[in-house]
Amino acid sequence: MANQRITNPTKSRKKIFFKRKGFWFISIALVVLCAAIALFVFDLFARPYRERAASYDLSRINDLEIPSIIFDRNRQEIGRIFVQNRSLVTIDDVPEIFIQALTAGEDSRFFSHSGVDYMGVARAVIFNLKGNSQGASTITQQLARNAYPLKQEAVRRKETTIQRKLVEAFLAIRIEKRYNKREILEFYLNRIYFGSGFYGIRSASLGYYGKEPLDLTASESASLVTLIKNPNARSPLNNLEANRAGRNYVLGRMREEGMLKTAEMVRLQSLPLVLNPRPLQRGTSHLYERIADAVGNALGPEALAAGGFKIHTTIMANVQHAAEQALETSLNQAEQHPDYRHPKFANAKTSDRQSLNYLQGAVLMIDHETGEVLAHVGGRNYAQVPYDFIELGRRPLGTALFPFLYAAGLTADTGNTPATLLEDEPMDNRMVMVGGMQGILGEWGMEVAAPTYQGKMPLRQAFEQSKIAASVRFANSYGLQKLVDTAVNFGLPLAGAELLPRLAVGFEEVPLKQLTRAMSSFPLGGRAGPSVLHYIDRIENAAGRTEFIRARSEISTKAVIDDATAWQVHSMMAGSLYRGSSRGALDGLLEKPFYGAGKGGSTHDFADTWFSGYNKRITCSVWTGFLGGNQGAIYPGAFSRDLAMPVWQASMNAAADAYGGSKLVPPATVEEIPICTVSGQRATQFCHEQVEDLETGVVKTRSTAVNDFFRKGSQNLPFCSVHSGGLGSAANPEMALTNLPAMDAVPIRPKSPALIGDDPYHTEMPSFQNTRFEEGLIQRRTNVLDSLDLQGSEEPISLPWPDRLEIMEE
């Protein structure tokens, strides 16, 4: 028993389980099975998201924005609106230092991953489990969600963030397979939002630092990169300190990635942020900006960002184009005048602010019944000078104020009529004090090189000729406060104007929009013009559904003046086009006969010219001048008939087919009476005057009688005492019948009222009882005696020699 061998108990034990041959095989098999099951389950779960990612068209990855299309009132496309302030660049125009800052701040493994940074995802999961928030989206994933409507689609499907991220990841992988890294960077940098309305790197570089991307420094690059995570909150235009802190963080990341040395990082972080904003201009014209504003008012300020709208406007494309072209032609011609001494449009550079102070102009045409805008030209070049004169500007009216000045003096309480005589004599400039404090007040309103004074003249003639001194005296006669009150009733902003005589020469500044509305009251018979102007008729979204329809406003019934006064001023404006300061306006119009009227205006210093006129349906106003208030004359003698009137003619011609032809008729409250323009009294058949043709020297006779309109009850005038001799002659008082000596003579009894037989010597005097107000204008009759003036007033008449006289003897 003693010699019996003792067995080792450990050897009798079984092998440990993980050392058994089958353990690892089974374990590996289980892991592979679980992984396969997990992958299968994940594939089933992720398949719809992968399929959705596959449905996006990668060829459209660089379609940056769907524009909204602008149509005119006849469904003709006139433009497109791009909301995002953006300008594209190639990746070669981006400095390497910016790309380094971008990858350090946003995606340090951009050049090594295939669209998704799995290490970044794992790190983000760990941080989020610890209660910290950290994103893991790569640059490619950011491009995917910015280029395609992933967020909108997820919201529509009521999906979670994880579900949206799956689509984003699958789409990023597709993008990486399709495009190389530099192409992806170019797409990304042209698309990404950098805050303060700047889309893309070039827009941001110019908008914040006033330089091209290629010129960005490391500090500036880091300042822009930090905007990507929180564009508006970190914008240096909104929060300089927030941007500086973000910039320093990006610089720190660049040091960690080995892109900067520590000393360089410290130096850059200590630098101040020096901004120099010189942003790109978003719009392409003043009209597009007004339309964009109107869409914003109708649908909300962010509506256009969605894009794809069809905006149906009230604009007439042919009128808009004609107004733009005519304005440019007129201003170019003015800049070629030998006395023009200002910057010229052809030499303008956006980098030279002084060169942008060139001659400007604006045109506004409206349907004065509905308030619909047919043409809006707010300035000469939006890209260089975005200032919209129609919306923001105001300048002195000069003699364009006269329709309202004379309307104030023709109301029923004044007792004045178009035949009221005014004094047209020189006036001491100390009475008005425009353009100096000494000398004689100028007569620039006639728009001729050598104006003359005519003594007494009817009110109508003073208006038609735009007589300055006579108009100032007229305004003083009824009171400047009445002038201001009447102008305010018309809608002109003169409520706070000082009651000084310079008011009467249009010294106060007035906006073009208010002038156009005010002028509309004359064709409307004294009713107020439209209080609101409309640019939009309706708006459709990308699916064709109507999002907005303009409500039709009621026609105003408010009267700013009585209809008799409105017609009297209208008829005088019509006369101004025919023979007054705006003579020649009718010659350039296609609408014949033209039943409308208009009035030009120039300021005392020749710095501004205006023309505002209308027909039965539309009103159009034109301004030319400088946006700066102290640039002086356009050139000496710059008149409205040369600058503003041709633009008005071209604009009215473009609208003639659609809006011309309707006739304005006088109201029942006025009566037409023949008036002598010399005496201002009722005309007779003797009212004539001799006029010499300055070119030929021929002296002709012409009638001084015109038909004029009087308010019923004010038309009881005496017959002309100047030409009839009945009541004495102002020119020859000694020839009055009461002053002639008595003569004892037997009167000759005529056998007939006129000569019997032919009348070779034109002894029959024409009658003016049937002189009519034709084609909207006052017109004179031609005297039949002018037929004797065929060869000059003093040229002898050649007669044949008589036959030889023979005396016959009885």
# chains A, B, ... in the order shown; residues from 1 in each chain; ligands from 1
$ residues_around --residues "region 171-187 of chain A" --least-positions-apart "2" --cutoff "8 Å" --atoms "only C-alpha atoms" --output "list in words"
Arg50, Ala53, Ala54, Leu58, Ile61, Asn62, Val89, Thr90, Ile91, Phe111, Ser114, Gly115, Val116, Ile139, Thr140, Gln141, Leu143, Ala144, Val167, Glu168, Ala169, Leu189, Asn190 and Arg191 of chain A
$ select_by_dssp --residues "region 427-657 of chain A" --states "strand (DSSP E or B)" --output "PDB file with N, CA and C atoms, in the first residue's frame"
ATOM      1  N   ASP A 428     -38.147 142.501 -58.706  1.00  0.00           N
ATOM      2  CA  ASP A 428     -36.929 142.563 -57.907  1.00  0.00           C
ATOM      3  C   ASP A 428     -36.724 141.210 -57.226  1.00  0.00           C
ATOM      4  N   ILE A 440     -32.751 141.163 -60.987  1.00  0.00           N
ATOM      5  CA  ILE A 440     -34.109 140.885 -61.431  1.00  0.00           C
ATOM      6  C   ILE A 440     -34.362 139.382 -61.377  1.00  0.00           C
ATOM      7  N   GLY A 455     -46.185 142.938 -70.306  1.00  0.00           N
ATOM      8  CA  GLY A 455     -47.093 143.828 -69.595  1.00  0.00           C
ATOM      9  C   GLY A 455     -48.263 143.056 -69.022  1.00  0.00           C
ATOM     10  N   LYS A 456     -49.474 143.517 -69.339  1.00  0.00           N
ATOM     11  CA  LYS A 456     -50.668 142.807 -68.890  1.00  0.00           C
ATOM     12  C   LYS A 456     -50.909 141.590 -69.777  1.00  0.00           C
ATOM     13  N   MET A 457     -51.253 140.478 -69.158  1.00  0.00           N
ATOM     14  CA  MET A 457     -51.588 139.281 -69.922  1.00  0.00           C
ATOM     15  C   MET A 457     -52.607 138.463 -69.145  1.00  0.00           C
ATOM     16  N   PRO A 458     -53.478 137.743 -69.861  1.00  0.00           N
ATOM     17  CA  PRO A 458     -54.450 136.893 -69.171  1.00  0.00           C
ATOM     18  C   PRO A 458     -53.745 135.788 -68.380  1.00  0.00           C
ATOM     19  N   GLU A 509     -38.955 120.739 -51.936  1.00  0.00           N
ATOM     20  CA  GLU A 509     -38.699 119.434 -52.532  1.00  0.00           C
ATOM     21  C   GLU A 509     -39.933 118.536 -52.456  1.00  0.00           C
ATOM     22  N   VAL A 510     -40.155 117.779 -53.516  1.00  0.00           N
ATOM     23  CA  VAL A 510     -41.336 116.923 -53.633  1.00  0.00           C
ATOM     24  C   VAL A 510     -40.909 115.581 -54.226  1.00  0.00           C
ATOM     25  N   ARG A 527     -60.877 114.587 -58.518  1.00  0.00           N
ATOM     26  CA  ARG A 527     -60.807 113.559 -57.486  1.00  0.00           C
ATOM     27  C   ARG A 527     -59.363 113.245 -57.126  1.00  0.00           C
ATOM     28  N   HIS A 534     -49.821  99.793 -56.918  1.00  0.00           N
ATOM     29  CA  HIS A 534     -49.738  98.334 -56.934  1.00  0.00           C
ATOM     30  C   HIS A 534     -48.758  97.862 -58.000  1.00  0.00           C
ATOM     31  N   ILE A 536     -48.078  94.163 -57.939  1.00  0.00           N
ATOM     32  CA  ILE A 536     -48.371  92.737 -58.055  1.00  0.00           C
ATOM     33  C   ILE A 536     -49.858  92.535 -58.320  1.00  0.00           C
ATOM     34  N   ASP A 537     -50.165  91.662 -59.277  1.00  0.00           N
ATOM     35  CA  ASP A 537     -51.555  91.289 -59.517  1.00  0.00           C
ATOM     36  C   ASP A 537     -51.873  89.965 -58.817  1.00  0.00           C
ATOM     37  N   ARG A 538     -51.016  88.957 -59.012  1.00  0.00           N
ATOM     38  CA  ARG A 538     -51.197  87.684 -58.320  1.00  0.00           C
ATOM     39  C   ARG A 538     -49.865  86.939 -58.296  1.00  0.00           C
ATOM     40  N   ILE A 539     -49.773  85.940 -57.405  1.00  0.00           N
ATOM     41  CA  ILE A 539     -48.557  85.146 -57.237  1.00  0.00           C
ATOM     42  C   ILE A 539     -48.940  83.674 -57.194  1.00  0.00           C
ATOM     43  N   GLU A 540     -48.235  82.857 -57.988  1.00  0.00           N
ATOM     44  CA  GLU A 540     -48.443  81.418 -57.985  1.00  0.00           C
ATOM     45  C   GLU A 540     -47.172  80.747 -57.481  1.00  0.00           C
ATOM     46  N   THR A 546     -52.322  79.319 -56.611  1.00  0.00           N
ATOM     47  CA  THR A 546     -52.323  80.767 -56.370  1.00  0.00           C
ATOM     48  C   THR A 546     -52.130  81.051 -54.881  1.00  0.00           C
ATOM     49  N   GLU A 547     -51.088  81.798 -54.574  1.00  0.00           N
ATOM     50  CA  GLU A 547     -50.785  82.132 -53.184  1.00  0.00           C
ATOM     51  C   GLU A 547     -51.304  83.514 -52.801  1.00  0.00           C
ATOM     52  N   PHE A 548     -51.501  84.393 -53.817  1.00  0.00           N
ATOM     53  CA  PHE A 548     -51.916  85.760 -53.507  1.00  0.00           C
ATOM     54  C   PHE A 548     -52.640  86.351 -54.707  1.00  0.00           C
ATOM     55  N   ILE A 549     -53.741  87.033 -54.447  1.00  0.00           N
ATOM     56  CA  ILE A 549     -54.460  87.815 -55.454  1.00  0.00           C
ATOM     57  C   ILE A 549     -54.700  89.193 -54.867  1.00  0.00           C
ATOM     58  N   ALA A 559     -62.673 114.532 -53.262  1.00  0.00           N
ATOM     59  CA  ALA A 559     -62.355 115.625 -54.173  1.00  0.00           C
ATOM     60  C   ALA A 559     -61.294 116.523 -53.549  1.00  0.00           C
ATOM     61  N   ALA A 597     -52.966 116.208 -71.417  1.00  0.00           N
ATOM     62  CA  ALA A 597     -52.226 117.448 -71.170  1.00  0.00           C
ATOM     63  C   ALA A 597     -50.993 117.116 -70.358  1.00  0.00           C
ATOM     64  N   GLY A 598     -50.182 118.120 -70.091  1.00  0.00           N
ATOM     65  CA  GLY A 598     -48.965 117.912 -69.307  1.00  0.00           C
ATOM     66  C   GLY A 598     -48.286 119.229 -69.019  1.00  0.00           C
ATOM     67  N   LYS A 599     -47.308 119.174 -68.147  1.00  0.00           N
ATOM     68  CA  LYS A 599     -46.580 120.391 -67.775  1.00  0.00           C
ATOM     69  C   LYS A 599     -45.134 120.044 -67.493  1.00  0.00           C
ATOM     70  N   GLY A 600     -44.233 120.764 -68.143  1.00  0.00           N
ATOM     71  CA  GLY A 600     -42.824 120.629 -67.852  1.00  0.00           C
ATOM     72  C   GLY A 600     -42.429 121.569 -66.726  1.00  0.00           C
ATOM     73  N   GLY A 601     -41.261 121.343 -66.190  1.00  0.00           N
ATOM     74  CA  GLY A 601     -40.788 122.209 -65.116  1.00  0.00           C
ATOM     75  C   GLY A 601     -39.276 122.201 -65.013  1.00  0.00           C
ATOM     76  N   SER A 602     -38.709 123.366 -64.793  1.00  0.00           N
ATOM     77  CA  SER A 602     -37.269 123.509 -64.577  1.00  0.00           C
ATOM     78  C   SER A 602     -37.056 124.366 -63.335  1.00  0.00           C
ATOM     79  N   ASP A 608     -32.553 120.638 -61.921  1.00  0.00           N
ATOM     80  CA  ASP A 608     -33.585 119.611 -62.019  1.00  0.00           C
ATOM     81  C   ASP A 608     -34.543 119.957 -63.145  1.00  0.00           C
ATOM     82  N   THR A 609     -34.982 118.929 -63.870  1.00  0.00           N
ATOM     83  CA  THR A 609     -36.040 119.113 -64.859  1.00  0.00           C
ATOM     84  C   THR A 609     -37.103 118.047 -64.623  1.00  0.00           C
ATOM     85  N   TRP A 610     -38.362 118.430 -64.893  1.00  0.00           N
ATOM     86  CA  TRP A 610     -39.500 117.541 -64.683  1.00  0.00           C
ATOM     87  C   TRP A 610     -40.417 117.591 -65.897  1.00  0.00           C
ATOM     88  N   PHE A 611     -41.166 116.540 -66.079  1.00  0.00           N
ATOM     89  CA  PHE A 611     -42.308 116.580 -66.985  1.00  0.00           C
ATOM     90  C   PHE A 611     -43.328 115.582 -66.474  1.00  0.00           C
ATOM     91  N   SER A 612     -44.552 116.067 -66.284  1.00  0.00           N
ATOM     92  CA  SER A 612     -45.634 115.205 -65.807  1.00  0.00           C
ATOM     93  C   SER A 612     -46.859 115.459 -66.655  1.00  0.00           C
ATOM     94  N   GLY A 613     -47.429 114.408 -67.197  1.00  0.00           N
ATOM     95  CA  GLY A 613     -48.588 114.552 -68.062  1.00  0.00           C
ATOM     96  C   GLY A 613     -49.435 113.297 -68.069  1.00  0.00           C
ATOM     97  N   TYR A 614     -50.552 113.365 -68.777  1.00  0.00           N
ATOM     98  CA  TYR A 614     -51.546 112.293 -68.692  1.00  0.00           C
ATOM     99  C   TYR A 614     -52.436 112.281 -69.916  1.00  0.00           C
ATOM    100  N   ILE A 618     -53.949 107.159 -68.018  1.00  0.00           N
ATOM    101  CA  ILE A 618     -52.640 106.990 -67.380  1.00  0.00           C
ATOM    102  C   ILE A 618     -51.990 108.338 -67.110  1.00  0.00           C
ATOM    103  N   THR A 619     -51.121 108.343 -66.111  1.00  0.00           N
ATOM    104  CA  THR A 619     -50.314 109.510 -65.775  1.00  0.00           C
ATOM    105  C   THR A 619     -48.857 109.080 -65.727  1.00  0.00           C
ATOM    106  N   CYS A 620     -47.981 109.892 -66.309  1.00  0.00           N
ATOM    107  CA  CYS A 620     -46.554 109.571 -66.362  1.00  0.00           C
ATOM    108  C   CYS A 620     -45.747 110.796 -65.943  1.00  0.00           C
ATOM    109  N   SER A 621     -44.758 110.584 -65.080  1.00  0.00           N
ATOM    110  CA  SER A 621     -43.888 111.665 -64.625  1.00  0.00           C
ATOM    111  C   SER A 621     -42.432 111.275 -64.818  1.00  0.00           C
ATOM    112  N   VAL A 622     -41.622 112.277 -65.162  1.00  0.00           N
ATOM    113  CA  VAL A 622     -40.197 112.071 -65.426  1.00  0.00           C
ATOM    114  C   VAL A 622     -39.408 113.123 -64.660  1.00  0.00           C
ATOM    115  N   TRP A 623     -38.294 112.713 -64.087  1.00  0.00           N
ATOM    116  CA  TRP A 623     -37.367 113.650 -63.425  1.00  0.00           C
ATOM    117  C   TRP A 623     -35.961 113.379 -63.925  1.00  0.00           C
ATOM    118  N   THR A 624     -35.171 114.441 -64.101  1.00  0.00           N
ATOM    119  CA  THR A 624     -33.732 114.313 -64.345  1.00  0.00           C
ATOM    120  C   THR A 624     -32.999 115.299 -63.451  1.00  0.00           C
ATOM    121  N   GLY A 625     -31.836 114.906 -62.977  1.00  0.00           N
ATOM    122  CA  GLY A 625     -31.045 115.762 -62.090  1.00  0.00           C
ATOM    123  C   GLY A 625     -29.983 114.944 -61.384  1.00  0.00           C
TER     124      GLY A 625
END
$ atom_distance --atom1 "CA of Ser679 (chain A)" --atom2 "CA of Met573 (chain A)"
21.0 Å
$ closest_residue --among "A:Ala470, A:Val647, A:Leu397, A:Ile673" --to "Val377 (chain A)" --atoms "only C-alpha atoms"
A:Val647
$ closest_residue --among "A:Phe71, A:Trp648, A:Phe686, A:Phe82" --to "Tyr199 (chain A)" --atoms "only C-alpha atoms"
A:Phe82
